[in-house]
$ cat final-v4.pdb   # PDB, C-alpha atoms
ATOM      1  CA  ALA A   1      89.455  95.185 103.161  1.00  0.00           C
ATOM      2  CA  GLN A   2      90.586  98.649 102.275  1.00  0.00           C
ATOM      3  CA  THR A   3      93.670 100.185 103.804  1.00  0.00           C
ATOM      4  CA  VAL A   4      94.879 103.767 103.797  1.00  0.00           C
ATOM      5  CA  THR A   5      98.534 104.591 104.384  1.00  0.00           C
ATOM      6  CA  GLN A   6     100.003 107.941 105.290  1.00  0.00           C
ATOM      7  CA  SER A   7     103.748 107.517 105.413  1.00  0.00           C
ATOM      8  CA  GLN A   8     104.603 110.915 106.885  1.00  0.00           C
ATOM      9  CA  PRO A   9     103.784 111.096 110.616  1.00  0.00           C
ATOM     10  CA  GLU A  10     104.948 114.702 110.833  1.00  0.00           C
ATOM     11  CA  MET A  11     105.792 117.477 108.425  1.00  0.00           C
ATOM     12  CA  SER A  12     106.601 121.137 108.650  1.00  0.00           C
ATOM     13  CA  VAL A  13     106.459 123.963 106.143  1.00  0.00           C
ATOM     14  CA  GLN A  14     107.388 127.596 106.170  1.00  0.00           C
ATOM     15  CA  GLU A  15     104.531 130.051 106.021  1.00  0.00           C
ATOM     16  CA  ALA A  16     103.590 130.950 102.410  1.00  0.00           C
ATOM     17  CA  GLU A  17     105.406 127.905 101.038  1.00  0.00           C
ATOM     18  CA  THR A  18     103.870 124.802  99.450  1.00  0.00           C
ATOM     19  CA  VAL A  19     103.696 121.369 101.035  1.00  0.00           C
ATOM     20  CA  THR A  20     102.491 117.991  99.786  1.00  0.00           C
ATOM     21  CA  LEU A  21     101.085 115.298 102.041  1.00  0.00           C
ATOM     22  CA  SER A  22     101.172 111.721 100.783  1.00  0.00           C
ATOM     23  CA  CYS A  23      98.470 109.086 100.896  1.00  0.00           C
ATOM     24  CA  THR A  24      98.218 105.676  99.295  1.00  0.00           C
ATOM     25  CA  TYR A  25      95.391 103.208  99.527  1.00  0.00           C
ATOM     26  CA  ASP A  26      94.591  99.682  98.622  1.00  0.00           C
ATOM     27  CA  THR A  27      91.274  98.528  97.226  1.00  0.00           C
ATOM     28  CA  SER A  28      89.849  96.142  94.687  1.00  0.00           C
ATOM     29  CA  GLU A  29      86.927  98.437  93.958  1.00  0.00           C
ATOM     30  CA  ASN A  30      86.691 100.562  90.851  1.00  0.00           C
ATOM     31  CA  ASN A  31      84.317 103.194  92.145  1.00  0.00           C
ATOM     32  CA  TYR A  32      84.986 104.943  95.435  1.00  0.00           C
ATOM     33  CA  TYR A  33      85.544 108.284  97.132  1.00  0.00           C
ATOM     34  CA  LEU A  34      88.651 109.784  98.688  1.00  0.00           C
ATOM     35  CA  PHE A  35      88.810 112.567 101.230  1.00  0.00           C
ATOM     36  CA  TRP A  36      91.258 114.724 103.095  1.00  0.00           C
ATOM     37  CA  TYR A  37      90.129 115.832 106.541  1.00  0.00           C
ATOM     38  CA  LYS A  38      91.804 118.400 108.750  1.00  0.00           C
ATOM     39  CA  GLN A  39      91.737 118.140 112.541  1.00  0.00           C
ATOM     40  CA  PRO A  40      93.068 121.314 114.201  1.00  0.00           C
ATOM     41  CA  PRO A  41      93.859 121.488 117.931  1.00  0.00           C
ATOM     42  CA  SER A  42      90.148 122.013 118.604  1.00  0.00           C
ATOM     43  CA  ARG A  43      89.758 118.404 117.348  1.00  0.00           C
ATOM     44  CA  GLN A  44      86.824 119.300 115.088  1.00  0.00           C
ATOM     45  CA  MET A  45      87.090 117.250 111.907  1.00  0.00           C
ATOM     46  CA  ILE A  46      86.845 119.474 108.855  1.00  0.00           C
ATOM     47  CA  LEU A  47      86.503 118.247 105.288  1.00  0.00           C
ATOM     48  CA  VAL A  48      89.228 119.784 103.159  1.00  0.00           C
ATOM     49  CA  ILE A  49      88.664 118.184  99.791  1.00  0.00           C
ATOM     50  CA  ARG A  50      86.885 115.260  98.157  1.00  0.00           C
ATOM     51  CA  GLN A  51      87.589 113.237  95.021  1.00  0.00           C
ATOM     52  CA  GLU A  52      85.349 110.768  93.206  1.00  0.00           C
ATOM     53  CA  ALA A  53      87.369 107.960  91.664  1.00  0.00           C
ATOM     54  CA  TYR A  54      85.452 108.044  88.388  1.00  0.00           C
ATOM     55  CA  LYS A  55      86.488 111.662  87.811  1.00  0.00           C
ATOM     56  CA  GLN A  56      89.845 112.017  86.122  1.00  0.00           C
ATOM     57  CA  GLN A  57      90.157 115.689  86.934  1.00  0.00           C
ATOM     58  CA  ASN A  58      91.933 116.441  90.188  1.00  0.00           C
ATOM     59  CA  ALA A  59      89.796 118.210  92.780  1.00  0.00           C
ATOM     60  CA  THR A  60      90.736 121.731  93.834  1.00  0.00           C
ATOM     61  CA  GLU A  61      89.473 123.915  96.678  1.00  0.00           C
ATOM     62  CA  ASN A  62      91.179 127.289  96.809  1.00  0.00           C
ATOM     63  CA  ARG A  63      94.718 126.669  98.144  1.00  0.00           C
ATOM     64  CA  PHE A  64      94.139 122.918  98.422  1.00  0.00           C
ATOM     65  CA  SER A  65      94.486 120.533  95.515  1.00  0.00           C
ATOM     66  CA  VAL A  66      95.002 116.823  95.079  1.00  0.00           C
ATOM     67  CA  ASN A  67      97.078 114.680  92.785  1.00  0.00           C
ATOM     68  CA  PHE A  68      94.909 111.623  92.223  1.00  0.00           C
ATOM     69  CA  GLN A  69      96.696 108.751  90.504  1.00  0.00           C
ATOM     70  CA  LYS A  70      94.137 105.956  90.271  1.00  0.00           C
ATOM     71  CA  ALA A  71      96.415 103.350  88.759  1.00  0.00           C
ATOM     72  CA  ALA A  72      99.040 103.961  91.402  1.00  0.00           C
ATOM     73  CA  LYS A  73      96.355 104.253  94.127  1.00  0.00           C
ATOM     74  CA  SER A  74      97.848 107.501  95.279  1.00  0.00           C
ATOM     75  CA  PHE A  75      96.009 110.563  96.568  1.00  0.00           C
ATOM     76  CA  SER A  76      98.316 113.354  97.705  1.00  0.00           C
ATOM     77  CA  LEU A  77      97.243 116.731  99.062  1.00  0.00           C
ATOM     78  CA  LYS A  78      99.024 119.927  98.060  1.00  0.00           C
ATOM     79  CA  ILE A  79      98.640 123.002 100.213  1.00  0.00           C
ATOM     80  CA  SER A  80      99.782 126.185  98.532  1.00  0.00           C
ATOM     81  CA  ASP A  81     100.631 129.460 100.258  1.00  0.00           C
ATOM     82  CA  SER A  82     100.589 127.724 103.650  1.00  0.00           C
ATOM     83  CA  GLN A  83      99.047 129.700 106.477  1.00  0.00           C
ATOM     84  CA  LEU A  84      99.456 129.390 110.239  1.00  0.00           C
ATOM     85  CA  GLY A  85      95.857 128.220 110.453  1.00  0.00           C
ATOM     86  CA  ASP A  86      96.743 125.198 108.356  1.00  0.00           C
ATOM     87  CA  THR A  87      98.585 123.739 111.341  1.00  0.00           C
ATOM     88  CA  ALA A  88      96.650 120.560 112.135  1.00  0.00           C
ATOM     89  CA  MET A  89      96.475 116.806 111.782  1.00  0.00           C
ATOM     90  CA  TYR A  90      95.519 115.779 108.274  1.00  0.00           C
ATOM     91  CA  PHE A  91      93.761 112.483 107.661  1.00  0.00           C
ATOM     92  CA  CYS A  92      93.328 110.782 104.323  1.00  0.00           C
ATOM     93  CA  ALA A  93      90.149 108.695 104.118  1.00  0.00           C
ATOM     94  CA  PHE A  94      88.571 106.167 101.764  1.00  0.00           C
ATOM     95  CA  ASN A  95      84.900 105.367 101.225  1.00  0.00           C
ATOM     96  CA  GLY A  96      83.875 102.550  98.923  1.00  0.00           C
ATOM     97  CA  ALA A  97      80.875 103.246  96.719  1.00  0.00           C
ATOM     98  CA  GLY A  98      78.979 100.363  98.230  1.00  0.00           C
ATOM     99  CA  SER A  99      80.059 101.033 101.793  1.00  0.00           C
ATOM    100  CA  TYR A 100      78.830 103.362 104.471  1.00  0.00           C
ATOM    101  CA  GLN A 101      82.147 103.580 106.240  1.00  0.00           C
ATOM    102  CA  LEU A 102      85.208 105.772 106.082  1.00  0.00           C
ATOM    103  CA  THR A 103      88.599 104.149 106.443  1.00  0.00           C
ATOM    104  CA  PHE A 104      91.137 106.607 107.799  1.00  0.00           C
ATOM    105  CA  GLY A 105      94.888 106.733 107.534  1.00  0.00           C
ATOM    106  CA  LYS A 106      96.964 107.316 110.650  1.00  0.00           C
ATOM    107  CA  GLY A 107      97.333 110.987 109.926  1.00  0.00           C
ATOM    108  CA  THR A 108     100.080 113.505 109.253  1.00  0.00           C
ATOM    109  CA  LYS A 109     100.785 116.251 111.739  1.00  0.00           C
ATOM    110  CA  LEU A 110     101.501 119.433 109.790  1.00  0.00           C
ATOM    111  CA  SER A 111     103.154 122.407 111.421  1.00  0.00           C
ATOM    112  CA  VAL A 112     103.297 125.731 109.617  1.00  0.00           C
ATOM    113  CA  ILE A 113     106.268 127.757 110.797  1.00  0.00           C
ATOM    114  CA  PRO A 114     106.062 131.546 110.803  1.00  0.00           C
TER     115      PRO A 114
ATOM    116  CA  GLY B   1      77.054 123.533 105.394  1.00  0.00           C
ATOM    117  CA  ALA B   2      75.605 120.746 107.503  1.00  0.00           C
ATOM    118  CA  VAL B   3      76.096 121.089 111.243  1.00  0.00           C
ATOM    119  CA  VAL B   4      76.410 118.293 113.761  1.00  0.00           C
ATOM    120  CA  SER B   5      76.478 118.968 117.477  1.00  0.00           C
ATOM    121  CA  GLN B   6      77.564 116.802 120.368  1.00  0.00           C
ATOM    122  CA  HIS B   7      76.705 117.122 124.010  1.00  0.00           C
ATOM    123  CA  PRO B   8      78.416 117.257 126.369  1.00  0.00           C
ATOM    124  CA  SER B   9      81.768 118.448 125.065  1.00  0.00           C
ATOM    125  CA  ARG B  10      83.494 117.202 128.195  1.00  0.00           C
ATOM    126  CA  VAL B  11      82.341 114.830 130.888  1.00  0.00           C
ATOM    127  CA  ILE B  12      83.960 113.351 133.956  1.00  0.00           C
ATOM    128  CA  CYS B  13      82.332 110.373 135.612  1.00  0.00           C
ATOM    129  CA  LYS B  14      83.188 107.913 138.314  1.00  0.00           C
ATOM    130  CA  SER B  15      84.117 104.347 137.586  1.00  0.00           C
ATOM    131  CA  GLY B  16      81.067 102.101 137.460  1.00  0.00           C
ATOM    132  CA  THR B  17      78.616 104.779 136.401  1.00  0.00           C
ATOM    133  CA  SER B  18      77.064 105.281 132.967  1.00  0.00           C
ATOM    134  CA  VAL B  19      77.313 108.323 130.770  1.00  0.00           C
ATOM    135  CA  LYS B  20      75.277 109.339 127.726  1.00  0.00           C
ATOM    136  CA  ILE B  21      76.608 111.343 124.783  1.00  0.00           C
ATOM    137  CA  GLU B  22      74.198 112.938 122.330  1.00  0.00           C
ATOM    138  CA  CYS B  23      74.818 113.576 118.653  1.00  0.00           C
ATOM    139  CA  ARG B  24      72.432 115.811 116.741  1.00  0.00           C
ATOM    140  CA  SER B  25      72.214 116.841 113.112  1.00  0.00           C
ATOM    141  CA  LEU B  26      70.971 120.410 113.292  1.00  0.00           C
ATOM    142  CA  ASP B  27      69.966 121.253 109.742  1.00  0.00           C
ATOM    143  CA  PHE B  28      69.554 117.978 107.903  1.00  0.00           C
ATOM    144  CA  GLN B  29      68.083 114.532 108.370  1.00  0.00           C
ATOM    145  CA  ALA B  30      70.763 111.997 109.158  1.00  0.00           C
ATOM    146  CA  THR B  31      69.848 108.598 107.820  1.00  0.00           C
ATOM    147  CA  THR B  32      73.078 107.157 109.129  1.00  0.00           C
ATOM    148  CA  MET B  33      75.231 108.137 112.073  1.00  0.00           C
ATOM    149  CA  PHE B  34      78.658 106.867 112.971  1.00  0.00           C
ATOM    150  CA  TRP B  35      80.466 106.740 116.292  1.00  0.00           C
ATOM    151  CA  TYR B  36      84.253 106.923 116.461  1.00  0.00           C
ATOM    152  CA  ARG B  37      86.786 106.737 119.230  1.00  0.00           C
ATOM    153  CA  GLN B  38      90.089 108.565 119.076  1.00  0.00           C
ATOM    154  CA  PHE B  39      93.015 107.975 121.404  1.00  0.00           C
ATOM    155  CA  PRO B  40      95.650 110.699 121.836  1.00  0.00           C
ATOM    156  CA  LYS B  41      97.757 111.237 118.734  1.00  0.00           C
ATOM    157  CA  GLN B  42      95.977 108.458 116.892  1.00  0.00           C
ATOM    158  CA  SER B  43      93.478 108.183 114.080  1.00  0.00           C
ATOM    159  CA  LEU B  44      89.744 107.732 114.356  1.00  0.00           C
ATOM    160  CA  MET B  45      88.550 104.227 115.039  1.00  0.00           C
ATOM    161  CA  LEU B  46      85.021 103.388 113.927  1.00  0.00           C
ATOM    162  CA  MET B  47      83.015 101.856 116.743  1.00  0.00           C
ATOM    163  CA  ALA B  48      79.602 101.450 115.197  1.00  0.00           C
ATOM    164  CA  THR B  49      77.238 102.525 112.455  1.00  0.00           C
ATOM    165  CA  SER B  50      73.608 103.258 113.193  1.00  0.00           C
ATOM    166  CA  ASN B  51      70.698 103.712 110.868  1.00  0.00           C
ATOM    167  CA  GLU B  52      67.566 105.447 112.040  1.00  0.00           C
ATOM    168  CA  GLY B  53      65.064 103.045 113.485  1.00  0.00           C
ATOM    169  CA  SER B  54      67.267  99.971 113.386  1.00  0.00           C
ATOM    170  CA  LYS B  55      69.933  98.346 115.522  1.00  0.00           C
ATOM    171  CA  ALA B  56      73.468  99.593 115.300  1.00  0.00           C
ATOM    172  CA  THR B  57      76.170  97.599 113.553  1.00  0.00           C
ATOM    173  CA  TYR B  58      79.238  97.300 115.739  1.00  0.00           C
ATOM    174  CA  GLU B  59      82.813  96.871 114.580  1.00  0.00           C
ATOM    175  CA  GLN B  60      84.755  93.833 115.610  1.00  0.00           C
ATOM    176  CA  GLY B  61      86.065  94.131 119.143  1.00  0.00           C
ATOM    177  CA  VAL B  62      83.542  96.741 120.265  1.00  0.00           C
ATOM    178  CA  GLU B  63      81.336  95.521 123.109  1.00  0.00           C
ATOM    179  CA  LYS B  64      77.681  96.000 122.248  1.00  0.00           C
ATOM    180  CA  ASP B  65      76.541  95.786 125.833  1.00  0.00           C
ATOM    181  CA  LYS B  66      79.050  98.352 126.985  1.00  0.00           C
ATOM    182  CA  PHE B  67      78.538 100.915 124.265  1.00  0.00           C
ATOM    183  CA  LEU B  68      74.800 101.246 123.739  1.00  0.00           C
ATOM    184  CA  ILE B  69      73.769 103.161 120.655  1.00  0.00           C
ATOM    185  CA  ASN B  70      70.297 104.454 119.955  1.00  0.00           C
ATOM    186  CA  HIS B  71      69.264 106.234 116.756  1.00  0.00           C
ATOM    187  CA  ALA B  72      65.635 106.941 117.496  1.00  0.00           C
ATOM    188  CA  SER B  73      65.121 109.829 115.100  1.00  0.00           C
ATOM    189  CA  LEU B  74      66.618 111.294 111.947  1.00  0.00           C
ATOM    190  CA  THR B  75      68.334 114.016 113.945  1.00  0.00           C
ATOM    191  CA  LEU B  76      69.496 112.294 117.126  1.00  0.00           C
ATOM    192  CA  SER B  77      71.753 109.411 118.042  1.00  0.00           C
ATOM    193  CA  THR B  78      73.016 108.628 121.513  1.00  0.00           C
ATOM    194  CA  LEU B  79      75.992 106.650 122.770  1.00  0.00           C
ATOM    195  CA  THR B  80      75.779 105.385 126.331  1.00  0.00           C
ATOM    196  CA  VAL B  81      78.931 104.088 127.956  1.00  0.00           C
ATOM    197  CA  THR B  82      77.721 101.698 130.613  1.00  0.00           C
ATOM    198  CA  SER B  83      79.642 100.778 133.755  1.00  0.00           C
ATOM    199  CA  ALA B  84      82.472 103.027 132.682  1.00  0.00           C
ATOM    200  CA  HIS B  85      86.072 102.208 133.569  1.00  0.00           C
ATOM    201  CA  PRO B  86      89.203 104.350 133.351  1.00  0.00           C
ATOM    202  CA  GLU B  87      90.212 102.580 130.137  1.00  0.00           C
ATOM    203  CA  ASP B  88      87.049 103.950 128.523  1.00  0.00           C
ATOM    204  CA  SER B  89      88.492 107.433 128.871  1.00  0.00           C
ATOM    205  CA  SER B  90      88.878 108.747 125.351  1.00  0.00           C
ATOM    206  CA  PHE B  91      87.666 111.259 122.778  1.00  0.00           C
ATOM    207  CA  TYR B  92      84.397 110.182 121.172  1.00  0.00           C
ATOM    208  CA  ILE B  93      83.329 111.670 117.856  1.00  0.00           C
ATOM    209  CA  CYS B  94      80.085 111.213 115.978  1.00  0.00           C
ATOM    210  CA  SER B  95      79.372 111.896 112.347  1.00  0.00           C
ATOM    211  CA  ALA B  96      76.179 112.016 110.358  1.00  0.00           C
ATOM    212  CA  SER B  97      75.339 111.294 106.761  1.00  0.00           C
ATOM    213  CA  GLY B  98      72.241 112.195 104.838  1.00  0.00           C
ATOM    214  CA  ARG B  99      71.842 109.584 102.157  1.00  0.00           C
ATOM    215  CA  SER B 100      72.140 106.083 103.532  1.00  0.00           C
ATOM    216  CA  GLY B 101      75.712 106.753 104.559  1.00  0.00           C
ATOM    217  CA  GLN B 102      77.048 107.251 101.065  1.00  0.00           C
ATOM    218  CA  ASP B 103      76.929 110.989 101.270  1.00  0.00           C
ATOM    219  CA  GLU B 104      79.644 113.069 102.851  1.00  0.00           C
ATOM    220  CA  GLN B 105      79.993 112.568 106.577  1.00  0.00           C
ATOM    221  CA  TYR B 106      79.659 115.650 108.764  1.00  0.00           C
ATOM    222  CA  PHE B 107      81.471 115.440 112.059  1.00  0.00           C
ATOM    223  CA  GLY B 108      80.498 116.605 115.494  1.00  0.00           C
ATOM    224  CA  PRO B 109      83.011 118.490 117.666  1.00  0.00           C
ATOM    225  CA  GLY B 110      83.658 115.470 119.858  1.00  0.00           C
ATOM    226  CA  THR B 111      83.233 114.596 123.522  1.00  0.00           C
ATOM    227  CA  ARG B 112      86.109 114.064 125.892  1.00  0.00           C
ATOM    228  CA  LEU B 113      85.231 111.410 128.444  1.00  0.00           C
ATOM    229  CA  THR B 114      87.316 111.011 131.575  1.00  0.00           C
ATOM    230  CA  VAL B 115      86.526 108.149 133.929  1.00  0.00           C
ATOM    231  CA  THR B 116      88.028 108.496 137.391  1.00  0.00           C
TER     232      THR B 116
END
$ encode --input "final-v4.pdb" --output "structure tokens"
Amino acid sequence: AQTVTQSQPEMSVQEAETVTLSCTYDTSENNYYLFWYKQPPSRQMILVIRQEAYKQQNATENRFSVNFQKAAKSFSLKISDSQLGDTAMYFCAFNGAGSYQLTFGKGTKLSVIP
Amino acid sequence: GAVVSQHPSRVICKSGTSVKIECRSLDFQATTMFWYRQFPKQSLMLMATSNEGSKATYEQGVEKDKFLINHASLTLSTLTVTSAHPEDSSFYICSASGRSGQDEQYFGPGTRLTVT
């Protein structure tokens, strides 16, 4: 069974600064997908960024980028130029290539301080 | 982007009654829909996976007879909480996927259920 671990329950960052959220996972599969989801106070789950395991290049979406280390099974999220609207719960998630299901980590609560 | 709606957004019901939550994919055909439950300050817990036209697959520990799931069309899935009890109070979230569940999941806005 796959597991996803987010070791930082809470983090804070000053507005305009950069923050990195950690995520590690455990799997015996070689092909899979990794995601970071954001859940703001509205509780709507929003996809932030997605990474296919077979791609060596780290995914980037505007201010959001990942550091994907397949051998280490690590998938961290870097948020640059943090904005107040980035305040939310962030969930790391795993989806095996042969599976329909997402496995979520416990989440990291990020607070952006003005 | 793909849009998934849920209705109602909030519902309060009395203990012993049943309540139905709808999940709709508005601009795409959802081959697979997922139902999650989220307790306060916790992660999402998958309850069941449903494919259009077939029976839902429930996760271990989820009562099939209590949480009835119907996925009758490619744009609609329903979750019915039967004989609700206060411990069923929670935030329920659905998601929908277009290609046999291996595509990106698009999440609904969630439904807050309170059982009094």
$ interface_residues --input "final-v4.pdb" --of "chain B" --to "chain A" --cutoff "9 Å" --atoms "all atoms listed in the file" --output "number ranges by chain"
B: 32, 34, 41-46, 49, 93, 97, 100-110
$ atom_distance --input "final-v4.pdb" --atom1 "atom CA of B:Ile21" --atom2 "atom CA of B:Gln6"
7.1 Å
$ residues_around --input "final-v4.pdb" --residues "B:Met33" --least-positions-apart "4" --cutoff "6 Å" --atoms "all atoms listed in the file" --output "list in words"
Thr49, Ser50, Ser95 and Ala96 of chain B
$ atom_distance --input "final-v4.pdb" --atom1 "atom CA of A:Phe64" --atom2 "atom CA of B:Gln38"
25.5 Å
$ atom_distance --input "final-v4.pdb" --atom1 "atom CA of A:Cys23" --atom2 "atom CA of B:Val62"
27.4 Å
$ residues_around --input "final-v4.pdb" --residues "A:Pro114" --least-positions-apart "2" --cutoff "8 Å" --atoms "all atoms listed in the file" --output "PyMOL selection string"
chain A and resi 14-15+84+112
$ residues_around --input "final-v4.pdb" --residues "stretch 72-81 of chain B" --least-positions-apart "3" --cutoff "7 Å" --atoms "only C-alpha atoms" --output "ChimeraX atom specification"
/B:18-26,29-31,52-53,66-69,84
$ write_last_selection --input "final-v4.pdb" --atoms "C-alpha atoms" --output "PDB file, in the coordinates of the input"
ATOM      1  CA  SER B  18      77.064 105.281 132.967  1.00  0.00           C
ATOM      2  CA  VAL B  19      77.313 108.323 130.770  1.00  0.00           C
ATOM      3  CA  LYS B  20      75.277 109.339 127.726  1.00  0.00           C
ATOM      4  CA  ILE B  21      76.608 111.343 124.783  1.00  0.00           C
ATOM      5  CA  GLU B  22      74.198 112.938 122.330  1.00  0.00           C
ATOM      6  CA  CYS B  23      74.818 113.576 118.653  1.00  0.00           C
ATOM      7  CA  ARG B  24      72.432 115.811 116.741  1.00  0.00           C
ATOM      8  CA  SER B  25      72.214 116.841 113.112  1.00  0.00           C
ATOM      9  CA  LEU B  26      70.971 120.410 113.292  1.00  0.00           C
ATOM     10  CA  GLN B  29      68.083 114.532 108.370  1.00  0.00           C
ATOM     11  CA  ALA B  30      70.763 111.997 109.158  1.00  0.00           C
ATOM     12  CA  THR B  31      69.848 108.598 107.820  1.00  0.00           C
ATOM     13  CA  GLU B  52      67.566 105.447 112.040  1.00  0.00           C
ATOM     14  CA  GLY B  53      65.064 103.045 113.485  1.00  0.00           C
ATOM     15  CA  LYS B  66      79.050  98.352 126.985  1.00  0.00           C
ATOM     16  CA  PHE B  67      78.538 100.915 124.265  1.00  0.00           C
ATOM     17  CA  LEU B  68      74.800 101.246 123.739  1.00  0.00           C
ATOM     18  CA  ILE B  69      73.769 103.161 120.655  1.00  0.00           C
ATOM     19  CA  ALA B  84      82.472 103.027 132.682  1.00  0.00           C
TER      20      ALA B  84
END
$ resolve_selection --input "final-v4.pdb" --expression "the PyMOL selection byres ((chain A and resi 65) around 10)" --output "PyMOL selection string"
chain A and resi 20+48-50+58-64+66-68+76-80
$ residues_near_point --input "final-v4.pdb" --point "(89.1, 93.6, 104.9)" --cutoff "9 Å" --atoms "all atoms listed in the file" --output "ChimeraX atom specification"
/A:1-3
$ axis_aligned_box --input "final-v4.pdb" --around "stretch 46-60 of chain B" --padding-each-side "5 Å" --output "JSON"
{"center_x": 75.0, "center_y": 99.6, "center_z": 113.8, "size_x": 30.0, "size_y": 21.6, "size_z": 15.9}
$ closest_residue --input "final-v4.pdb" --among "A:Phe75, A:Ala88, A:Ala53, A:Leu110" --to "A:Thr5" --atoms "only C-alpha atoms"
A:Phe75
$ closest_residue --input "final-v4.pdb" --among "A:Ser111, A:Glu10, A:Gln51, A:Thr87" --to "A:Ser22" --atoms "only C-alpha atoms"
A:Glu10
